[in-house]
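**Student:** Below you'll find the structure I mean.
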Amino acid sequence: MTVPTSAAAGLDATAIRADFPVLAERVHERPLVYLDNAATSQKPRAVIDALQTYYETYNANIHRGLHALSERATAEYEDARSRVARFINAAHSHEVIFTRGTTEAINLVARGWGDESVGEGDEILLTEMEHHSNLVPWQMLAKRRGASLRYIPMDIEGRIDLEAYARMFGPRTRLVAVTHMSNVLGTITPAAELIQIAHQHDVPVLLDAAQSIPHLPVDVQALDADFVAFSGHKMLGPTGIGVLYGREALLDAMEPLFGGGSMIRVVELHQSTWTVLPYKLEGGTPNIAGAIGLGAAVDYLQTVGMPAVTSHEHELTEYALSLLSDLDGVRLFGPRDATDRGGVISFYVGDVHPHDVGTLLDADGIAVRAGHHCAQPLMRKLGVAATARASLYLYNTAAEVDCLADGIARAKAFFE
Ligand code: PLP
């Protein structure tokens, strides 16, 4: 296996690293090797500066003030919405609803759309590899409405059986809610096919794109997507900001989750009417700084180029899979072939508990995650209580993958 240089991917990881202040940190007197990107990504200087500039020079509430600061804050907030809309190729910027993150976006659909559209005896199709954020809200909806959840057959590496999926549709199928990339297995699901089949039955699809949009070019119109949920903090943006993309007609028909300021047209003593999209679904003062920071993150990713991000991570994933599969006693989860997977690599080292592996790697300055990754049903399917997980992003290098492989080998030797 040749060591990837990322040059072929058209991405200069060394120059990119210089944009991320935290990557220069030392941890336990070692250079930080940050491989916990599926949990949250690091932030480039451009995002940190955008937050600081907002707070230092034009902090004000939006949509309400007639003064200059408020007008500027409103313009920047709405500009961020337009940039996010362009990033995912939404037809209209009002199809981008700012939320706190993926979790809130999915709950918004489960309440605002689900309570209106799902009834007794109806069915929602999911997979067993969903993050709890794309599982628990549907369980709650099913309980409220007397509906049931059905699971699309998939293999142990997260490959969906499309023929079996196509056969699951019936008159009671109301929604498909599926991850676009597993946060445990790294598997990329065939979103376009899943959506196309669902649409043959007039069933909308919600894509949990928390792990895909940060790493792959995603075009919601090309996918013909209905709802897409993602988080700013996993794509170089701040925490506390995320997005629900929804097709205009679906969002229009939705009930708001939060009643309060900004989302009303007329309020009377006993009833109110709602204003237009996107404000109808953004009650209360939103995370103004967060949205502006997300706009800066999207700019950064677009300047690097999403195809370059994807191919850089693809090269590194291939390299990591080959190094780790050469290590004795290391069990890898997810597809071996890097073609249909992203850079999320879950592994188990001999009989060593993943938490111990994580702690030993941390002592070497290597940040990975260990646990059930908010995917307990998938852990049960895999027959483990937890895994260790390394996850890559645009600033990671082959040298860091070498560090990971050496660290795992040391951790294994330590427990032998
Ligand atoms: N869905 C997937 C696939 C995830 O990986 C995550 C976070 O790890 C989420 C949903 C939840 O995202 P958030 O906690 O930002 O709402």
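In the structure tokens, chains take the letters A, B, ... in the order shown, each chain's residues start at 1, and ligands count up from 1 in the order shown.
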Would you tabulate, counting only C-alpha atoms and all ligand atoms, all residues of chain A that have an atom at most 7 Å from an atom of ligand 1, showing the closest pair of atoms and their distance in Å to one decimal, sorted by chain then ascending number, as JSON lines?
**Tutor:**
{"residue": "A:Ala38", "atom": "CA", "partner": "ligand 1", "partner_atom_place_in_ligand_line": "5 (O)", "distance": 6.2}
{"residue": "A:Ala39", "atom": "CA", "partner": "ligand 1", "partner_atom_place_in_ligand_line": "8 (O)", "distance": 5.1}
{"residue": "A:Gly101", "atom": "CA", "partner": "ligand 1", "partner_atom_place_in_ligand_line": "16 (O)", "distance": 4.3}
{"residue": "A:Thr102", "atom": "CA", "partner": "ligand 1", "partner_atom_place_in_ligand_line": "16 (O)", "distance": 3.9}
{"residue": "A:Thr103", "atom": "CA", "partner": "ligand 1", "partner_atom_place_in_ligand_line": "16 (O)", "distance": 3.7}
{"residue": "A:Glu104", "atom": "CA", "partner": "ligand 1", "partner_atom_place_in_ligand_line": "16 (O)", "distance": 6.3}
{"residue": "A:Glu130", "atom": "CA", "partner": "ligand 1", "partner_atom_place_in_ligand_line": "3 (C)", "distance": 6.7}
{"residue": "A:His131", "atom": "CA", "partner": "ligand 1", "partner_atom_place_in_ligand_line": "1 (N)", "distance": 4.9}
{"residue": "A:Ser133", "atom": "CA", "partner": "ligand 1", "partner_atom_place_in_ligand_line": "10 (C)", "distance": 5.1}
{"residue": "A:Asn134", "atom": "CA", "partner": "ligand 1", "partner_atom_place_in_ligand_line": "1 (N)", "distance": 6.3}
{"residue": "A:Thr179", "atom": "CA", "partner": "ligand 1", "partner_atom_place_in_ligand_line": "3 (C)", "distance": 6.0}
{"residue": "A:Met181", "atom": "CA", "partner": "ligand 1", "partner_atom_place_in_ligand_line": "3 (C)", "distance": 6.5}
{"residue": "A:Ser182", "atom": "CA", "partner": "ligand 1", "partner_atom_place_in_ligand_line": "3 (C)", "distance": 5.7}
{"residue": "A:Asn183", "atom": "CA", "partner": "ligand 1", "partner_atom_place_in_ligand_line": "5 (O)", "distance": 4.6}
{"residue": "A:Asp208", "atom": "CA", "partner": "ligand 1", "partner_atom_place_in_ligand_line": "1 (N)", "distance": 5.7}
{"residue": "A:Ala209", "atom": "CA", "partner": "ligand 1", "partner_atom_place_in_ligand_line": "3 (C)", "distance": 6.6}
{"residue": "A:Ala210", "atom": "CA", "partner": "ligand 1", "partner_atom_place_in_ligand_line": "2 (C)", "distance": 4.8}
{"residue": "A:Gln211", "atom": "CA", "partner": "ligand 1", "partner_atom_place_in_ligand_line": "3 (C)", "distance": 5.4}
{"residue": "A:Ser231", "atom": "CA", "partner": "ligand 1", "partner_atom_place_in_ligand_line": "15 (O)", "distance": 4.8}
{"residue": "A:His233", "atom": "CA", "partner": "ligand 1", "partner_atom_place_in_ligand_line": "15 (O)", "distance": 6.8}
**Student:** Keeping N, CA, C and O atoms for every residue in the selection just given, could you write it to a file as an mmCIF file, in the first residue's frame?
**Tutor:**
data_model
loop_
_atom_site.group_PDB
_atom_site.id
_atom_site.type_symbol
_atom_site.label_atom_id
_atom_site.label_comp_id
_atom_site.auth_asym_id
_atom_site.auth_seq_id
_atom_site.Cartn_x
_atom_site.Cartn_y
_atom_site.Cartn_z
ATOM 1 N N ALA A 38 -16.011 12.252 13.791
ATOM 2 C CA ALA A 38 -17.426 11.874 13.684
ATOM 3 C C ALA A 38 -18.195 12.410 14.893
ATOM 4 O O ALA A 38 -19.412 12.610 14.815
ATOM 5 N N ALA A 39 -17.492 12.637 16.002
ATOM 6 C CA ALA A 39 -18.151 13.220 17.186
ATOM 7 C C ALA A 39 -18.287 14.725 16.997
ATOM 8 O O ALA A 39 -19.377 15.276 17.117
ATOM 9 N N GLY A 101 -29.245 21.294 15.770
ATOM 10 C CA GLY A 101 -28.409 20.214 15.229
ATOM 11 C C GLY A 101 -29.291 19.164 14.590
ATOM 12 O O GLY A 101 -30.505 19.358 14.416
ATOM 13 N N THR A 102 -28.674 18.043 14.259
ATOM 14 C CA THR A 102 -29.408 16.942 13.628
ATOM 15 C C THR A 102 -30.541 16.454 14.525
ATOM 16 O O THR A 102 -31.655 16.202 14.061
ATOM 17 N N THR A 103 -30.259 16.325 15.805
ATOM 18 C CA THR A 103 -31.252 15.778 16.735
ATOM 19 C C THR A 103 -32.506 16.644 16.734
ATOM 20 O O THR A 103 -33.627 16.126 16.621
ATOM 21 N N GLU A 104 -32.312 17.957 16.835
ATOM 22 C CA GLU A 104 -33.488 18.839 16.850
ATOM 23 C C GLU A 104 -34.206 18.800 15.496
ATOM 24 O O GLU A 104 -35.437 18.820 15.431
ATOM 25 N N GLU A 130 -29.207 2.998 12.728
ATOM 26 C CA GLU A 130 -29.470 4.414 12.993
ATOM 27 C C GLU A 130 -28.847 4.875 14.309
ATOM 28 O O GLU A 130 -28.837 4.134 15.295
ATOM 29 N N HIS A 131 -28.355 6.099 14.297
ATOM 30 C CA HIS A 131 -27.981 6.797 15.533
ATOM 31 C C HIS A 131 -29.261 6.978 16.349
ATOM 32 O O HIS A 131 -30.346 7.103 15.774
ATOM 33 N N SER A 133 -30.517 9.388 17.527
ATOM 34 C CA SER A 133 -31.239 10.598 17.092
ATOM 35 C C SER A 133 -32.206 10.326 15.960
ATOM 36 O O SER A 133 -33.134 11.102 15.748
ATOM 37 N N ASN A 134 -31.955 9.284 15.195
ATOM 38 C CA ASN A 134 -32.863 8.938 14.100
ATOM 39 C C ASN A 134 -33.619 7.653 14.420
ATOM 40 O O ASN A 134 -34.000 6.910 13.531
ATOM 41 N N THR A 179 -30.094 6.652 7.710
ATOM 42 C CA THR A 179 -28.824 7.372 7.730
ATOM 43 C C THR A 179 -28.206 7.400 6.332
ATOM 44 O O THR A 179 -28.365 6.440 5.568
ATOM 45 N N MET A 181 -24.847 8.082 6.095
ATOM 46 C CA MET A 181 -23.563 7.409 6.367
ATOM 47 C C MET A 181 -23.557 6.972 7.831
ATOM 48 O O MET A 181 -23.799 7.794 8.724
ATOM 49 N N SER A 182 -23.275 5.687 8.054
ATOM 50 C CA SER A 182 -23.299 5.176 9.429
ATOM 51 C C SER A 182 -22.169 5.801 10.242
ATOM 52 O O SER A 182 -21.022 5.838 9.794
ATOM 53 N N ASN A 183 -22.502 6.222 11.458
ATOM 54 C CA ASN A 183 -21.481 6.813 12.322
ATOM 55 C C ASN A 183 -20.666 5.745 13.042
ATOM 56 O O ASN A 183 -19.787 6.071 13.831
ATOM 57 N N ASP A 208 -30.714 11.143 7.432
ATOM 58 C CA ASP A 208 -29.860 11.633 8.507
ATOM 59 C C ASP A 208 -28.477 11.816 7.883
ATOM 60 O O ASP A 208 -27.744 10.847 7.686
ATOM 61 N N ALA A 209 -28.165 13.068 7.554
ATOM 62 C CA ALA A 209 -26.922 13.363 6.828
ATOM 63 C C ALA A 209 -25.848 13.936 7.750
ATOM 64 O O ALA A 209 -24.913 14.590 7.284
ATOM 65 N N ALA A 210 -25.968 13.639 9.060
ATOM 66 C CA ALA A 210 -24.993 14.182 10.033
ATOM 67 C C ALA A 210 -23.560 13.785 9.667
ATOM 68 O O ALA A 210 -22.627 14.567 9.855
ATOM 69 N N GLN A 211 -23.393 12.556 9.137
ATOM 70 C CA GLN A 211 -22.036 12.098 8.807
ATOM 71 C C GLN A 211 -21.715 12.227 7.321
ATOM 72 O O GLN A 211 -20.570 12.024 6.930
ATOM 73 N N SER A 231 -25.712 18.588 11.204
ATOM 74 C CA SER A 231 -25.211 19.406 12.321
ATOM 75 C C SER A 231 -24.032 20.252 11.880
ATOM 76 O O SER A 231 -23.107 19.733 11.239
ATOM 77 N N HIS A 233 -21.625 21.459 13.782
ATOM 78 C CA HIS A 233 -20.354 21.205 14.488
ATOM 79 C C HIS A 233 -19.551 20.058 13.900
ATOM 80 O O HIS A 233 -18.365 19.922 14.184
#
**Student:** With a distance cut-off of 9 Å and only C-alpha atoms, select the neighbouring residues of Pro335 in chain A, excluding the residue or stretch itself and same-chain residues fewer than 2 positions from it, and output the selection as JSON, numbers by chain.
**Tutor:** {"A": [156, 157, 158, 159, 185, 186, 187, 332, 333, 337, 338, 339, 340, 341]}
**Student:** If you keep C-alpha atoms, can you produce a file of those selected residues as a short mmCIF file (atom, residue, chain, number, x, y, z; two decimals), in the first residue's frame?
**Tutor:**
data_model
loop_
_atom_site.label_atom_id
_atom_site.label_comp_id
_atom_site.auth_asym_id
_atom_site.auth_seq_id
_atom_site.Cartn_x
_atom_site.Cartn_y
_atom_site.Cartn_z
CA ILE A 156 -23.45 -6.86 9.18
CA GLU A 157 -21.50 -4.20 7.26
CA GLY A 158 -24.55 -1.97 6.87
CA ARG A 159 -25.30 -2.79 3.21
CA LEU A 185 -19.58 1.38 10.19
CA GLY A 186 -18.80 4.25 7.83
CA THR A 187 -21.15 2.66 5.29
CA LEU A 332 -12.56 -4.02 11.87
CA PHE A 333 -16.25 -3.25 11.43
CA ASP A 337 -13.67 -1.80 0.46
CA ALA A 338 -13.30 1.95 0.85
CA THR A 339 -15.47 2.59 -2.23
CA ASP A 340 -18.83 2.74 -0.53
CA ARG A 341 -17.74 4.00 2.85
#
**Student:** Using only C-alpha atoms, which protein or nucleic acid residues come within 10 Å of Met140 in chain A? Drop anything in the same chain fewer than 5 positions from it, and give the result as a PyMOL selection string.
**Tutor:** chain A and resi 107+110-111+135+145-147
**Student:** By how many Å are CA of Asp362 in chain A and CA of Val344 in chain A apart?
**Tutor:** 18.0 Å
**Student:** Nearest residue to Val33 in chain A out of A:Ala390, A:Val228, A:Leu69, A:Ala409, using only C-alpha atoms?
**Tutor:**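 Closest to Val33 in chain A, using only C-alpha atoms: A:Ala390.
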